[in-house]
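K.L.:
Enclosed is the structure file input-v4.cif (mmCIF, C-alpha atoms).
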```cif
data_entry
#
loop_
_atom_site.label_atom_id
_atom_site.label_comp_id
_atom_site.auth_asym_id
_atom_site.auth_seq_id
_atom_site.Cartn_x
_atom_site.Cartn_y
_atom_site.Cartn_z
CA MET W 1135 -30.42 3.44 -2.45
CA ASP W 1136 -31.56 0.40 -0.49
CA VAL W 1137 -29.12 -0.79 2.18
CA PRO W 1138 -30.75 -3.29 4.56
CA ILE W 1139 -29.97 -3.22 8.27
CA ARG W 1140 -28.79 -6.59 9.55
CA HIS W 1141 -28.63 -7.75 13.18
CA TRP W 1142 -25.34 -9.54 13.77
CA SER W 1143 -26.47 -11.78 16.63
CA SER W 1144 -29.35 -13.20 14.58
CA LEU W 1145 -27.05 -14.47 11.81
CA THR W 1146 -25.41 -17.86 11.57
CA LEU W 1147 -21.64 -18.04 11.19
CA ALA W 1148 -22.02 -18.71 7.46
CA GLU W 1149 -24.40 -15.76 7.10
CA GLN W 1150 -21.96 -13.52 8.96
CA ASP W 1151 -19.15 -14.56 6.62
CA ALA W 1152 -21.35 -13.89 3.60
CA LEU W 1153 -22.27 -10.45 4.95
CA LEU W 1154 -18.59 -9.52 5.33
CA ALA W 1155 -17.57 -10.86 1.92
CA ARG W 1156 -16.01 -8.30 -0.39
CA PRO W 1157 -17.37 -7.64 -3.86
CA ALA W 1158 -15.79 -10.23 -6.13
CA LEU W 1159 -12.61 -9.07 -7.78
CA ARG W 1160 -13.21 -9.22 -11.49
CA ASP W 1161 -10.02 -10.27 -13.25
CA PRO W 1162 -11.08 -11.99 -16.45
CA GLN W 1163 -8.63 -14.13 -18.35
CA GLU W 1164 -8.85 -11.70 -21.25
CA ARG W 1165 -7.36 -8.92 -19.16
CA ARG W 1166 -4.62 -11.14 -17.79
CA ALA W 1167 -3.71 -12.20 -21.29
CA ALA W 1168 -3.74 -8.59 -22.52
CA VAL W 1169 -1.53 -7.49 -19.61
CA ARG W 1170 0.96 -10.27 -20.34
CA ALA W 1171 1.08 -9.16 -23.96
CA ILE W 1172 1.75 -5.55 -22.91
CA ILE W 1173 4.52 -6.61 -20.54
CA GLU W 1174 6.20 -8.81 -23.13
CA ARG W 1175 6.00 -6.11 -25.78
CA VAL W 1176 7.50 -3.44 -23.50
CA ARG W 1177 10.20 -5.85 -22.45
CA ARG W 1178 11.02 -6.60 -26.08
CA GLU W 1179 10.57 -3.21 -27.76
CA GLY W 1180 11.20 -0.69 -24.95
CA ASP W 1181 10.28 2.94 -25.62
CA LEU W 1182 8.71 2.17 -29.00
CA ALA W 1183 6.12 -0.06 -27.37
CA VAL W 1184 5.53 2.42 -24.55
CA ARG W 1185 4.89 5.29 -26.99
CA GLU W 1186 2.45 3.27 -29.08
CA LEU W 1187 0.61 1.92 -26.03
CA THR W 1188 0.41 5.43 -24.56
CA GLU W 1189 -1.10 6.72 -27.79
CA ARG W 1190 -3.62 3.87 -27.83
CA HIS W 1191 -4.69 4.01 -24.18
CA ASP W 1192 -4.12 7.66 -23.22
CA GLY W 1193 -4.83 9.32 -26.54
CA VAL W 1194 -1.57 11.22 -26.85
CA ARG W 1195 1.59 10.65 -28.88
CA LEU W 1196 4.72 11.50 -26.90
CA GLU W 1197 8.18 11.87 -28.36
CA ASP W 1198 9.81 12.37 -24.98
CA LEU W 1199 8.54 10.16 -22.18
CA ARG W 1200 10.49 12.04 -19.50
CA VAL W 1201 9.34 15.17 -17.71
CA ASP W 1202 11.94 17.94 -17.97
CA GLU W 1203 12.66 20.83 -15.61
CA ALA W 1204 10.73 23.24 -17.81
CA GLU W 1205 7.55 21.22 -17.43
CA ILE W 1206 8.02 21.05 -13.65
CA ALA W 1207 8.49 24.83 -13.52
CA ALA W 1208 5.39 25.34 -15.65
CA ALA W 1209 3.42 23.06 -13.32
CA GLU W 1210 4.39 25.19 -10.32
CA ARG W 1211 3.26 28.34 -12.14
CA ALA W 1212 -0.04 26.67 -13.05
CA LEU W 1213 -1.05 26.01 -9.44
CA PRO W 1214 -2.54 28.74 -7.23
CA PRO W 1215 -0.69 29.68 -4.02
CA ALA W 1216 -3.27 27.90 -1.86
CA ALA W 1217 -2.63 24.63 -3.68
CA LEU W 1218 1.14 24.99 -3.31
CA ALA W 1219 0.73 25.70 0.40
CA ALA W 1220 -1.51 22.64 0.82
CA ILE W 1221 1.05 20.42 -0.88
CA ASP W 1222 3.85 21.82 1.28
CA LEU W 1223 1.89 21.28 4.52
CA ALA W 1224 0.99 17.70 3.54
CA ILE W 1225 4.63 16.93 2.71
CA ALA W 1226 5.79 18.40 6.04
CA ASN W 1227 3.31 16.36 8.10
CA VAL W 1228 3.95 13.11 6.22
CA ARG W 1229 7.70 13.64 6.57
CA ARG W 1230 7.38 14.40 10.31
CA TYR W 1231 5.37 11.21 10.94
CA HIS W 1232 7.68 8.98 8.91
CA GLN W 1233 10.85 10.46 10.38
CA ALA W 1234 9.76 9.10 13.76
CA GLN W 1235 9.76 5.52 12.49
CA PRO W 1236 12.78 3.59 13.85
CA SER W 1237 15.41 2.24 11.45
CA GLY W 1238 15.28 -1.18 13.06
CA ASP W 1239 19.05 -1.79 13.04
CA TYR W 1240 20.35 -3.54 16.15
CA ALA W 1241 23.06 -5.85 17.51
CA VAL W 1242 22.84 -8.40 20.30
CA VAL W 1243 25.25 -10.85 21.92
CA THR W 1244 23.15 -14.02 21.95
CA PHE W 1245 25.85 -16.09 23.68
CA PRO W 1246 29.40 -15.34 24.86
CA GLY W 1247 31.50 -14.99 21.71
CA ILE W 1248 28.49 -14.75 19.35
CA ARG W 1249 27.37 -11.37 18.02
CA CYS W 1250 24.28 -11.15 15.80
CA GLU W 1251 23.15 -8.00 14.02
CA ARG W 1252 20.48 -6.73 11.73
CA ILE W 1253 21.51 -3.97 9.38
CA SER W 1254 19.52 -2.26 6.67
CA HIS W 1255 20.26 -0.44 3.44
CA PRO W 1256 18.02 1.58 1.16
CA ILE W 1257 16.74 -0.19 -1.94
CA ASP W 1258 18.96 1.00 -4.77
CA ALA W 1259 16.20 1.92 -7.23
CA VAL W 1260 12.46 2.19 -6.57
CA GLY W 1261 9.58 2.81 -8.93
CA LEU W 1262 6.64 4.91 -7.74
CA TYR W 1263 3.34 4.68 -9.62
CA VAL W 1264 0.87 7.55 -9.24
CA PRO W 1265 -2.52 6.98 -10.91
CA ALA W 1266 -4.40 9.71 -12.75
CA GLY W 1267 -7.54 8.02 -14.00
CA SER W 1268 -10.82 9.69 -13.10
CA ALA W 1269 -8.89 12.08 -10.84
CA PRO W 1270 -5.18 12.96 -10.42
CA LEU W 1271 -3.64 11.91 -7.11
CA PRO W 1272 -0.89 14.28 -5.94
CA SER W 1273 -1.43 12.88 -2.44
CA THR W 1274 -0.19 9.48 -3.62
CA ALA W 1275 2.97 11.09 -4.96
CA ILE W 1276 3.57 12.50 -1.48
CA MET W 1277 2.80 9.21 0.29
CA LEU W 1278 5.25 7.30 -1.91
CA ALA W 1279 8.01 9.84 -2.36
CA VAL W 1280 8.44 11.02 1.25
CA PRO W 1281 9.27 7.63 2.82
CA ALA W 1282 11.41 6.69 -0.20
CA ALA W 1283 13.47 9.84 0.34
CA LEU W 1284 13.71 9.30 4.10
CA ALA W 1285 14.87 5.73 3.50
CA GLY W 1286 17.70 7.12 1.38
CA CYS W 1287 16.85 5.32 -1.86
CA PRO W 1288 19.43 6.76 -4.29
CA ARG W 1289 17.22 6.36 -7.37
CA ARG W 1290 13.53 7.17 -7.27
CA VAL W 1291 11.60 6.94 -10.53
CA LEU W 1292 7.99 8.10 -10.72
CA CYS W 1293 5.53 7.17 -13.47
CA THR W 1294 2.15 8.85 -13.94
CA PRO W 1295 -0.18 8.87 -16.97
CA PRO W 1296 -0.07 11.86 -19.35
CA ARG W 1297 -3.02 14.12 -20.04
CA ARG W 1298 -4.37 14.62 -23.55
CA ASP W 1299 -2.17 17.70 -23.92
CA GLY W 1300 0.96 15.55 -23.47
CA ARG W 1301 1.80 16.91 -20.02
CA ALA W 1302 1.58 15.24 -16.63
CA ASP W 1303 -0.89 16.59 -14.09
CA PRO W 1304 0.66 19.77 -12.60
CA ALA W 1305 -0.27 18.94 -8.99
CA VAL W 1306 1.34 15.51 -9.26
CA LEU W 1307 4.49 17.07 -10.74
CA VAL W 1308 4.74 19.71 -8.03
CA ALA W 1309 4.17 17.19 -5.25
CA ALA W 1310 6.82 14.90 -6.72
CA ALA W 1311 9.34 17.67 -7.31
CA ARG W 1312 8.93 19.11 -3.81
CA THR W 1313 9.69 15.71 -2.31
CA GLY W 1314 12.92 15.47 -4.30
CA ILE W 1315 11.81 13.38 -7.29
CA ARG W 1316 13.43 14.39 -10.56
CA GLU W 1317 13.09 11.26 -12.70
CA ILE W 1318 9.46 11.47 -13.79
CA CYS W 1319 7.98 9.64 -16.77
CA LYS W 1320 4.64 10.28 -18.42
CA ILE W 1321 3.53 6.66 -18.65
CA GLY W 1322 0.48 4.96 -17.19
CA GLY W 1323 -1.18 1.58 -16.95
CA ALA W 1324 0.38 -1.83 -17.36
CA GLN W 1325 3.02 -0.40 -19.71
CA ALA W 1326 4.36 1.82 -16.89
CA ILE W 1327 4.70 -1.17 -14.56
CA ALA W 1328 6.45 -3.17 -17.28
CA ALA W 1329 8.79 -0.30 -18.13
CA MET W 1330 9.90 0.10 -14.52
CA ALA W 1331 10.15 -3.65 -13.96
CA TYR W 1332 12.44 -4.33 -16.93
CA GLY W 1333 13.72 -0.93 -18.02
CA THR W 1334 13.56 0.82 -21.39
CA GLU W 1335 15.65 3.48 -23.11
CA SER W 1336 13.85 6.20 -21.12
CA VAL W 1337 12.81 4.37 -17.97
CA PRO W 1338 15.42 2.94 -15.61
CA ARG W 1339 14.92 -0.58 -14.34
CA VAL W 1340 14.00 -0.51 -10.65
CA ASP W 1341 14.23 -3.11 -7.90
CA ARG W 1342 10.80 -2.61 -6.36
CA ILE W 1343 7.57 -0.98 -7.50
CA PHE W 1344 5.20 0.88 -5.18
CA GLY W 1345 1.79 2.44 -5.59
CA PRO W 1346 -1.88 1.74 -6.31
CA GLY W 1347 -3.66 1.64 -9.65
CA ASN W 1348 -6.60 0.31 -11.60
CA ALA W 1349 -7.27 -3.33 -12.46
CA TRP W 1350 -4.72 -3.23 -15.31
CA VAL W 1351 -2.00 -1.87 -13.03
CA THR W 1352 -2.83 -4.40 -10.32
CA ALA W 1353 -2.75 -7.25 -12.82
CA ALA W 1354 0.60 -6.05 -14.19
CA LYS W 1355 2.08 -5.85 -10.70
CA SER W 1356 0.93 -9.40 -10.00
CA GLU W 1357 2.47 -10.61 -13.25
CA ILE W 1358 5.89 -9.05 -12.70
CA ALA W 1359 5.92 -10.14 -9.05
CA ALA W 1360 5.87 -13.74 -10.26
CA ASP W 1361 8.98 -13.19 -12.41
CA PRO W 1362 12.28 -13.49 -10.48
CA ALA W 1363 13.96 -11.44 -13.21
CA ALA W 1364 11.64 -8.48 -12.66
CA ALA W 1365 11.09 -6.02 -9.82
CA SER W 1366 9.27 -6.97 -6.65
CA ILE W 1367 6.11 -5.10 -5.57
CA ASP W 1368 4.84 -3.49 -2.39
CA MET W 1369 1.40 -5.11 -2.14
CA ALA W 1370 -1.52 -6.11 -4.33
CA ALA W 1371 -4.05 -3.31 -3.85
CA GLY W 1372 -7.76 -3.95 -4.08
CA PRO W 1373 -10.76 -1.59 -4.00
CA SER W 1374 -10.92 1.04 -1.26
CA GLU W 1375 -12.66 0.17 2.03
CA LEU W 1376 -13.99 1.88 5.16
CA LEU W 1377 -15.64 0.41 8.24
CA VAL W 1378 -17.18 2.75 10.81
CA ILE W 1379 -17.85 1.67 14.39
CA ALA W 1380 -20.42 4.00 15.95
CA ASP W 1381 -22.60 4.17 19.04
CA ALA W 1382 -25.61 6.32 19.90
CA THR W 1383 -23.35 9.36 20.53
CA ALA W 1384 -22.12 9.52 16.93
CA ALA W 1385 -23.25 12.30 14.58
CA PRO W 1386 -25.20 10.69 11.71
CA ALA W 1387 -24.08 13.38 9.25
CA PHE W 1388 -20.41 12.79 10.12
CA VAL W 1389 -20.72 9.03 9.70
CA ALA W 1390 -22.56 9.38 6.37
CA ALA W 1391 -19.98 11.83 5.06
CA ASP W 1392 -17.14 9.47 5.95
CA LEU W 1393 -18.85 6.53 4.26
CA LEU W 1394 -19.38 8.58 1.09
CA SER W 1395 -15.76 9.78 1.11
CA GLN W 1396 -14.70 6.21 0.44
CA ALA W 1397 -17.65 5.22 -1.73
CA GLU W 1398 -16.75 7.93 -4.27
CA HIS W 1399 -13.35 6.32 -4.93
CA GLY W 1400 -14.81 3.70 -7.24
CA ALA W 1401 -17.83 1.57 -8.01
CA ASP W 1402 -16.12 -1.45 -6.44
CA SER W 1403 -15.34 0.33 -3.14
CA GLN W 1404 -17.04 -1.02 -0.03
CA VAL W 1405 -18.21 0.78 3.11
CA LEU W 1406 -19.65 -0.70 6.29
CA LEU W 1407 -21.37 0.74 9.36
CA VAL W 1408 -21.26 -1.34 12.53
CA THR W 1409 -23.32 0.23 15.29
CA THR W 1410 -24.82 -0.57 18.66
CA ASP W 1411 -27.84 1.65 17.95
CA GLU W 1412 -30.43 0.84 15.28
CA ARG W 1413 -31.87 4.35 15.47
CA LEU W 1414 -28.47 5.77 14.52
CA ALA W 1415 -28.29 3.29 11.64
CA ARG W 1416 -31.55 4.64 10.20
CA GLN W 1417 -30.41 8.23 10.67
CA VAL W 1418 -27.15 7.49 8.85
CA LEU W 1419 -29.01 5.93 5.93
CA ALA W 1420 -31.19 9.04 5.67
CA ALA W 1421 -28.11 11.27 5.79
CA LEU W 1422 -26.44 9.14 3.10
CA ALA W 1423 -29.36 9.65 0.76
CA ALA W 1424 -29.43 13.40 1.40
CA GLN W 1425 -25.69 13.89 0.93
CA LEU W 1426 -25.35 11.56 -2.05
CA VAL W 1427 -27.40 13.72 -4.41
CA GLN W 1428 -25.04 16.68 -3.80
CA LEU W 1429 -21.90 14.87 -4.95
CA PRO W 1430 -20.38 15.38 -8.42
CA ARG W 1431 -19.34 11.69 -8.34
CA ARG W 1432 -22.73 10.51 -7.07
CA ALA W 1433 -23.13 7.90 -9.81
CA ILE W 1434 -19.88 6.20 -8.75
CA ALA W 1435 -20.73 6.47 -5.05
CA ALA W 1436 -24.21 5.07 -5.65
CA GLN W 1437 -22.74 2.01 -7.34
CA ALA W 1438 -20.36 1.51 -4.42
CA LEU W 1439 -23.25 1.75 -1.96
CA GLU W 1440 -24.76 -1.33 -3.57
CA HIS W 1441 -22.00 -3.23 -1.72
CA ALA W 1442 -22.54 -1.30 1.55
CA ARG W 1443 -23.38 -3.07 4.81
CA VAL W 1444 -25.18 -1.77 7.90
CA ILE W 1445 -24.82 -4.09 10.87
CA VAL W 1446 -26.36 -3.70 14.32
CA VAL W 1447 -24.45 -5.38 17.17
CA GLU W 1448 -25.24 -5.85 20.84
CA ASP W 1449 -22.22 -3.98 22.22
CA LEU W 1450 -18.87 -2.48 21.29
CA ASP W 1451 -17.05 -5.75 22.03
CA ALA W 1452 -19.09 -7.33 19.26
CA ALA W 1453 -18.35 -4.34 17.00
CA ALA W 1454 -14.63 -4.87 17.52
CA GLU W 1455 -15.05 -8.56 16.68
CA VAL W 1456 -16.83 -7.72 13.41
CA SER W 1457 -14.14 -5.21 12.49
CA ASN W 1458 -11.31 -7.64 13.22
CA ARG W 1459 -12.97 -10.31 11.09
CA TYR W 1460 -13.40 -7.90 8.18
CA ALA W 1461 -9.91 -6.32 8.58
CA PRO W 1462 -10.70 -3.02 6.83
CA GLU W 1463 -8.28 -0.77 5.00
CA HIS W 1464 -9.67 2.22 6.93
CA LEU W 1465 -11.40 1.99 10.33
CA SER W 1466 -13.25 4.93 11.89
CA VAL W 1467 -14.28 4.77 15.56
CA GLN W 1468 -17.00 7.28 16.43
CA THR W 1469 -18.05 6.36 19.96
CA ALA W 1470 -18.25 8.07 23.34
CA ALA W 1471 -14.75 6.82 24.24
CA PRO W 1472 -13.02 5.83 21.00
CA ARG W 1473 -9.52 5.38 22.44
CA ALA W 1474 -10.86 2.90 25.01
CA LEU W 1475 -11.74 0.55 22.16
CA LEU W 1476 -8.30 0.79 20.53
CA PRO W 1477 -6.68 -2.15 22.40
CA GLN W 1478 -9.33 -4.49 20.97
CA LEU W 1479 -8.77 -3.41 17.37
CA ARG W 1480 -6.09 -5.65 15.86
CA ASN W 1481 -6.73 -5.81 12.11
CA ALA W 1482 -6.90 -2.53 10.19
CA GLY W 1483 -4.72 -0.57 7.82
CA SER W 1484 -5.30 2.83 9.44
CA ILE W 1485 -7.54 3.81 12.38
CA PHE W 1486 -9.31 7.15 12.85
CA LEU W 1487 -10.40 7.90 16.42
CA GLY W 1488 -13.26 10.22 17.28
CA PRO W 1489 -15.67 12.49 15.42
CA TRP W 1490 -13.00 15.03 14.43
CA SER W 1491 -10.80 12.48 12.62
CA PRO W 1492 -12.27 12.06 9.13
CA GLU W 1493 -10.62 9.51 6.87
CA THR W 1494 -9.88 12.46 4.57
CA ALA W 1495 -7.18 13.61 7.00
CA GLY W 1496 -5.22 10.38 6.56
CA ASP W 1497 -5.69 10.49 2.81
CA TYR W 1498 -4.00 13.87 2.58
CA ALA W 1499 -2.23 15.63 5.37
CA SER W 1500 -2.45 14.28 8.93
CA GLY W 1501 0.92 12.59 8.40
CA THR W 1502 0.12 8.87 8.23
CA ASN W 1503 0.47 7.00 4.95
CA HIS W 1504 -2.56 6.24 2.81
CA VAL W 1505 -1.02 3.33 0.91
CA LEU W 1506 -2.69 0.57 2.92
CA PRO W 1507 -3.57 -3.13 2.70
CA THR W 1508 -7.02 -3.92 1.31
CA TYR W 1509 -9.20 -6.98 0.76
CA GLY W 1510 -8.51 -8.38 4.24
CA GLN W 1511 -4.73 -8.21 3.94
CA ALA W 1512 -4.69 -6.00 7.05
CA ARG W 1513 -4.69 -9.25 9.04
CA SER W 1514 -1.04 -9.72 8.12
CA VAL W 1515 0.19 -6.74 6.05
CA SER W 1516 1.06 -3.24 7.28
CA GLY W 1517 0.60 0.12 5.61
CA LEU W 1518 3.48 1.70 3.76
CA GLY W 1519 6.37 3.08 5.80
CA VAL W 1520 10.06 3.91 5.56
CA ASP W 1521 11.02 0.31 6.31
CA HIS W 1522 9.36 -0.86 3.09
CA PHE W 1523 11.99 1.10 1.15
CA ARG W 1524 14.91 -0.56 2.94
CA ARG W 1525 16.20 -4.11 2.78
CA ARG W 1526 17.35 -5.85 5.92
CA MET W 1527 20.28 -8.23 6.30
CA SER W 1528 21.33 -10.39 9.20
CA VAL W 1529 24.99 -10.54 10.24
CA GLN W 1530 26.69 -12.95 12.61
CA GLU W 1531 30.25 -13.03 13.88
CA LEU W 1532 31.53 -15.89 16.08
CA SER W 1533 34.83 -16.06 17.91
CA GLU W 1534 36.58 -19.42 18.26
CA ASP W 1535 35.33 -19.70 21.83
CA GLY W 1536 31.82 -18.79 20.70
CA LEU W 1537 31.78 -21.50 18.03
CA ARG W 1538 33.16 -24.09 20.43
CA ALA W 1539 30.47 -23.19 22.95
CA ILE W 1540 27.64 -24.17 20.55
CA ALA W 1541 29.49 -26.75 18.41
CA ASP W 1542 27.73 -29.72 19.99
CA THR W 1543 24.36 -28.05 19.49
CA LEU W 1544 25.09 -27.33 15.82
CA GLN W 1545 26.27 -30.87 15.13
CA ALA W 1546 23.29 -32.39 16.93
CA LEU W 1547 20.80 -30.36 14.93
CA ALA W 1548 22.63 -31.13 11.66
CA GLY W 1549 22.42 -34.82 12.58
CA LEU W 1550 18.67 -34.57 13.17
CA GLU W 1551 18.28 -33.21 9.65
CA GLY W 1552 20.70 -35.67 8.06
CA LEU W 1553 22.96 -32.90 6.73
CA GLU W 1554 26.45 -34.25 7.33
CA ALA W 1555 28.24 -31.45 5.47
CA HIS W 1556 26.70 -28.96 7.89
CA ALA W 1557 28.15 -30.89 10.81
CA GLN W 1558 31.51 -31.24 9.04
CA ALA W 1559 31.75 -27.43 8.59
CA VAL W 1560 31.71 -27.19 12.39
CA ARG W 1561 33.75 -30.30 13.18
CA ILE W 1562 36.62 -29.33 10.88
CA ARG W 1563 36.99 -26.10 12.85
CA VAL W 1564 36.69 -27.32 16.43
CA GLY W 1565 37.29 -31.09 16.31
CA ASP W 1566 40.70 -31.32 14.75
CA ARG W 1567 42.99 -28.34 15.12
CA ALA W 1568 45.65 -29.86 12.85
CA ALA W 1569 43.11 -30.49 10.09
CA ALA W 1570 41.79 -26.98 10.48
CA SER W 1571 45.30 -25.53 10.27
CA SER W 1572 46.17 -27.53 7.16
CA SER W 1573 43.01 -26.38 5.43
CA ARG W 1574 44.10 -22.73 5.65
#
```
In structure tokens, how does this file's structure come out?

P.N.:
Amino acid sequence: MDVPIRHWSSLTLAEQDALLARPALRDPQERRAAVRAIIERVRREGDLAVRELTERHDGVRLEDLRVDEAEIAAAERALPPAALAAIDLAIANVRRYHQAQPSGDYAVVTFPGIRCERISHPIDAVGLYVPAGSAPLPSTAIMLAVPAALAGCPRRVLCTPPRRDGRADPAVLVAAARTGIREICKIGGAQAIAAMAYGTESVPRVDRIFGPGNAWVTAAKSEIAADPAAASIDMAAGPSELLVIADATAAPAFVAADLLSQAEHGADSQVLLVTTDERLARQVLAALAAQLVQLPRRAIAAQALEHARVIVVEDLDAAAEVSNRYAPEHLSVQTAAPRALLPQLRNAGSIFLGPWSPETAGDYASGTNHVLPTYGQARSVSGLGVDHFRRRMSVQELSEDGLRAIADTLQALAGLEGLEAHAQAVRIRVGDRAAASSSR
């Protein structure tokens, strides 16, 4: 493991940009073409295509794509009490955090006789995708299902890949069931996204699809997002990221452990250390090497560390600037006064303050959501919340006096844009009472 230490102030602007560049997203044309073929086949053939694609990619032939109550009950029996308790605690904390999020509905009188409102309704049908590639992710089922339930979405469909024995992962099933999900399908990959986007005999068509996945899932989500006839998507997820801001007071072992917790997600994950203390940087690198060899997924983490960055800055103001430019998915602040730096941190998916706030807590059970923007999208995109599962509509109601009060303004603006029919829609109401009466 060879991660060079770079001094931020000695770099040119171009060199700084290059240092903060993410690993290139590899999305070859062959994959895009293959994903399009999968989507078109599922759209055309429905369950038949899904079964054959599941057999090809997951190695199991399924007659029934839906999970029944018996399988859910068997999944609960398969988990030890400690696992069930952990799932229940995570659900409770995630629900408590998301329940505090405001609905956002409001009404305001903008002018005498003019009332404007914003009202929201739950999305009628949502699709939740829970990966189960190198490791099952019951935590993702919780993060998706809890806010969907709190939003009041009447139909919540969850897809997750089957195991070789033809069953879904028990922990994923239990997490889903205990958050109120009952429509569960054993389908993974691009075919799951296509099935939810267009509907099949077994999979209901949904209005919006949520959840992370591998490159095939991400490509499928991008494809269906471009089709007005298909479902919309939450966000395009990239590889996992963590940036740690640390000063001389940080514990090197803590910082190294946090960096590795993200590096083990995948070979294309990226972790960065931004520190005011070069001695700490060297201690963290030594701790990384010592901890890495103990990990079962050390080969994956080692590949991710090839993209790692260690940056020494002059002060914490500069550290905040680096972080804001990178806009990480996860941001850990391990300094003497972490909360004091918070007002300067604008661009991040989720922030972890202090040495006792490992990123692991947000992944599982602190209460915040772990479905977060990656690849710099944190500059403009927020992490998943209840509001993502609701659609918002504006409402306006004008009295006759209210319309008359702004009629001249409306007609003037319509004239500036050369839209005479817009002006006429006002004029026919307020300019000629007889004409308005005869038009009723």

K.L.:
Quick one: which residues end up in the PyMOL selection byres ((chain W and resi 1290) around 12) for this structure, as a ChimeraX atom specification?

P.N.:
/W:1256-1263,1275,1278-1289,1291-1293,1310-1311,1313-1319,1330,1337-1344,1523

K.L.:
Residue by residue, what does the PyMOL selection byres ((chain W and resi 1495-1506) around 9) grab here? Present the result as a ChimeraX atom specification.

P.N.:
/W:1220-1221,1223-1232,1273-1274,1276-1278,1345-1346,1369,1371,1463-1464,1482-1484,1486,1491-1494,1507-1508,1512,1515-1519

K.L.:
Can you spit out the residues from that selection as a short mmCIF file (atom, residue, chain, number, x, y, z; two decimals), keeping the file's coordinate frame, using C-alpha atoms?

P.N.:
```cif
data_model
loop_
_atom_site.label_atom_id
_atom_site.label_comp_id
_atom_site.auth_asym_id
_atom_site.auth_seq_id
_atom_site.Cartn_x
_atom_site.Cartn_y
_atom_site.Cartn_z
CA ALA W 1220 -1.51 22.64 0.82
CA ILE W 1221 1.05 20.42 -0.88
CA LEU W 1223 1.89 21.28 4.52
CA ALA W 1224 0.99 17.70 3.54
CA ILE W 1225 4.63 16.93 2.71
CA ALA W 1226 5.79 18.40 6.04
CA ASN W 1227 3.31 16.36 8.10
CA VAL W 1228 3.95 13.11 6.22
CA ARG W 1229 7.70 13.64 6.57
CA ARG W 1230 7.38 14.40 10.31
CA TYR W 1231 5.37 11.21 10.94
CA HIS W 1232 7.68 8.98 8.91
CA SER W 1273 -1.43 12.88 -2.44
CA THR W 1274 -0.19 9.48 -3.62
CA ILE W 1276 3.57 12.50 -1.48
CA MET W 1277 2.80 9.21 0.29
CA LEU W 1278 5.25 7.30 -1.91
CA GLY W 1345 1.79 2.44 -5.59
CA PRO W 1346 -1.88 1.74 -6.31
CA MET W 1369 1.40 -5.11 -2.14
CA ALA W 1371 -4.05 -3.31 -3.85
CA GLU W 1463 -8.28 -0.77 5.00
CA HIS W 1464 -9.67 2.22 6.93
CA ALA W 1482 -6.90 -2.53 10.19
CA GLY W 1483 -4.72 -0.57 7.82
CA SER W 1484 -5.30 2.83 9.44
CA PHE W 1486 -9.31 7.15 12.85
CA SER W 1491 -10.80 12.48 12.62
CA PRO W 1492 -12.27 12.06 9.13
CA GLU W 1493 -10.62 9.51 6.87
CA THR W 1494 -9.88 12.46 4.57
CA PRO W 1507 -3.57 -3.13 2.70
CA THR W 1508 -7.02 -3.92 1.31
CA ALA W 1512 -4.69 -6.00 7.05
CA VAL W 1515 0.19 -6.74 6.05
CA SER W 1516 1.06 -3.24 7.28
CA GLY W 1517 0.60 0.12 5.61
CA LEU W 1518 3.48 1.70 3.76
CA GLY W 1519 6.37 3.08 5.80
#
```

K.L.:
Which residues fall under the PyMOL selection byres ((chain W and resi 1178-1193) around 8) in this file, as a PDB file with C-alpha atoms, in the coordinates of the input?

P.N.:
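Ended up saving to out-v5.pdb:
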```pdb
ATOM      1  CA  GLU W1174       6.200  -8.810 -23.130  1.00  0.00           C
ATOM      2  CA  ARG W1175       6.000  -6.110 -25.780  1.00  0.00           C
ATOM      3  CA  VAL W1176       7.500  -3.440 -23.500  1.00  0.00           C
ATOM      4  CA  ARG W1177      10.200  -5.850 -22.450  1.00  0.00           C
ATOM      5  CA  VAL W1194      -1.570  11.220 -26.850  1.00  0.00           C
ATOM      6  CA  ARG W1195       1.590  10.650 -28.880  1.00  0.00           C
ATOM      7  CA  LEU W1196       4.720  11.500 -26.900  1.00  0.00           C
ATOM      8  CA  GLU W1197       8.180  11.870 -28.360  1.00  0.00           C
ATOM      9  CA  LEU W1199       8.540  10.160 -22.180  1.00  0.00           C
ATOM     10  CA  PRO W1295      -0.180   8.870 -16.970  1.00  0.00           C
ATOM     11  CA  PRO W1296      -0.070  11.860 -19.350  1.00  0.00           C
ATOM     12  CA  ARG W1297      -3.020  14.120 -20.040  1.00  0.00           C
ATOM     13  CA  ARG W1298      -4.370  14.620 -23.550  1.00  0.00           C
ATOM     14  CA  ILE W1321       3.530   6.660 -18.650  1.00  0.00           C
ATOM     15  CA  GLY W1322       0.480   4.960 -17.190  1.00  0.00           C
ATOM     16  CA  GLN W1325       3.020  -0.400 -19.710  1.00  0.00           C
ATOM     17  CA  ALA W1326       4.360   1.820 -16.890  1.00  0.00           C
ATOM     18  CA  ALA W1329       8.790  -0.300 -18.130  1.00  0.00           C
ATOM     19  CA  GLY W1333      13.720  -0.930 -18.020  1.00  0.00           C
ATOM     20  CA  THR W1334      13.560   0.820 -21.390  1.00  0.00           C
ATOM     21  CA  GLU W1335      15.650   3.480 -23.110  1.00  0.00           C
ATOM     22  CA  SER W1336      13.850   6.200 -21.120  1.00  0.00           C
TER      23      SER W1336
END
```

K.L.:
Could you check which of W:Gly1323, W:Pro1272, W:Pro1138, W:Gly1267 is closest to Leu1407 of chain W, using all atoms listed in the file?

P.N.:
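Ranking W:Gly1323, W:Pro1272, W:Pro1138, W:Gly1267 by distance to Leu1407 of chain W, first place goes to W:Pro1138.
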
K.L.:
Taking into account only C-alpha atoms, which residue in the set W:Gln1396, W:Ser1144, W:Gln1530, W:Gln1150 is nearest to Gly1247 of chain W?

P.N.:
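Using only C-alpha atoms, Gly1247 of chain W sits closest to W:Gln1530.
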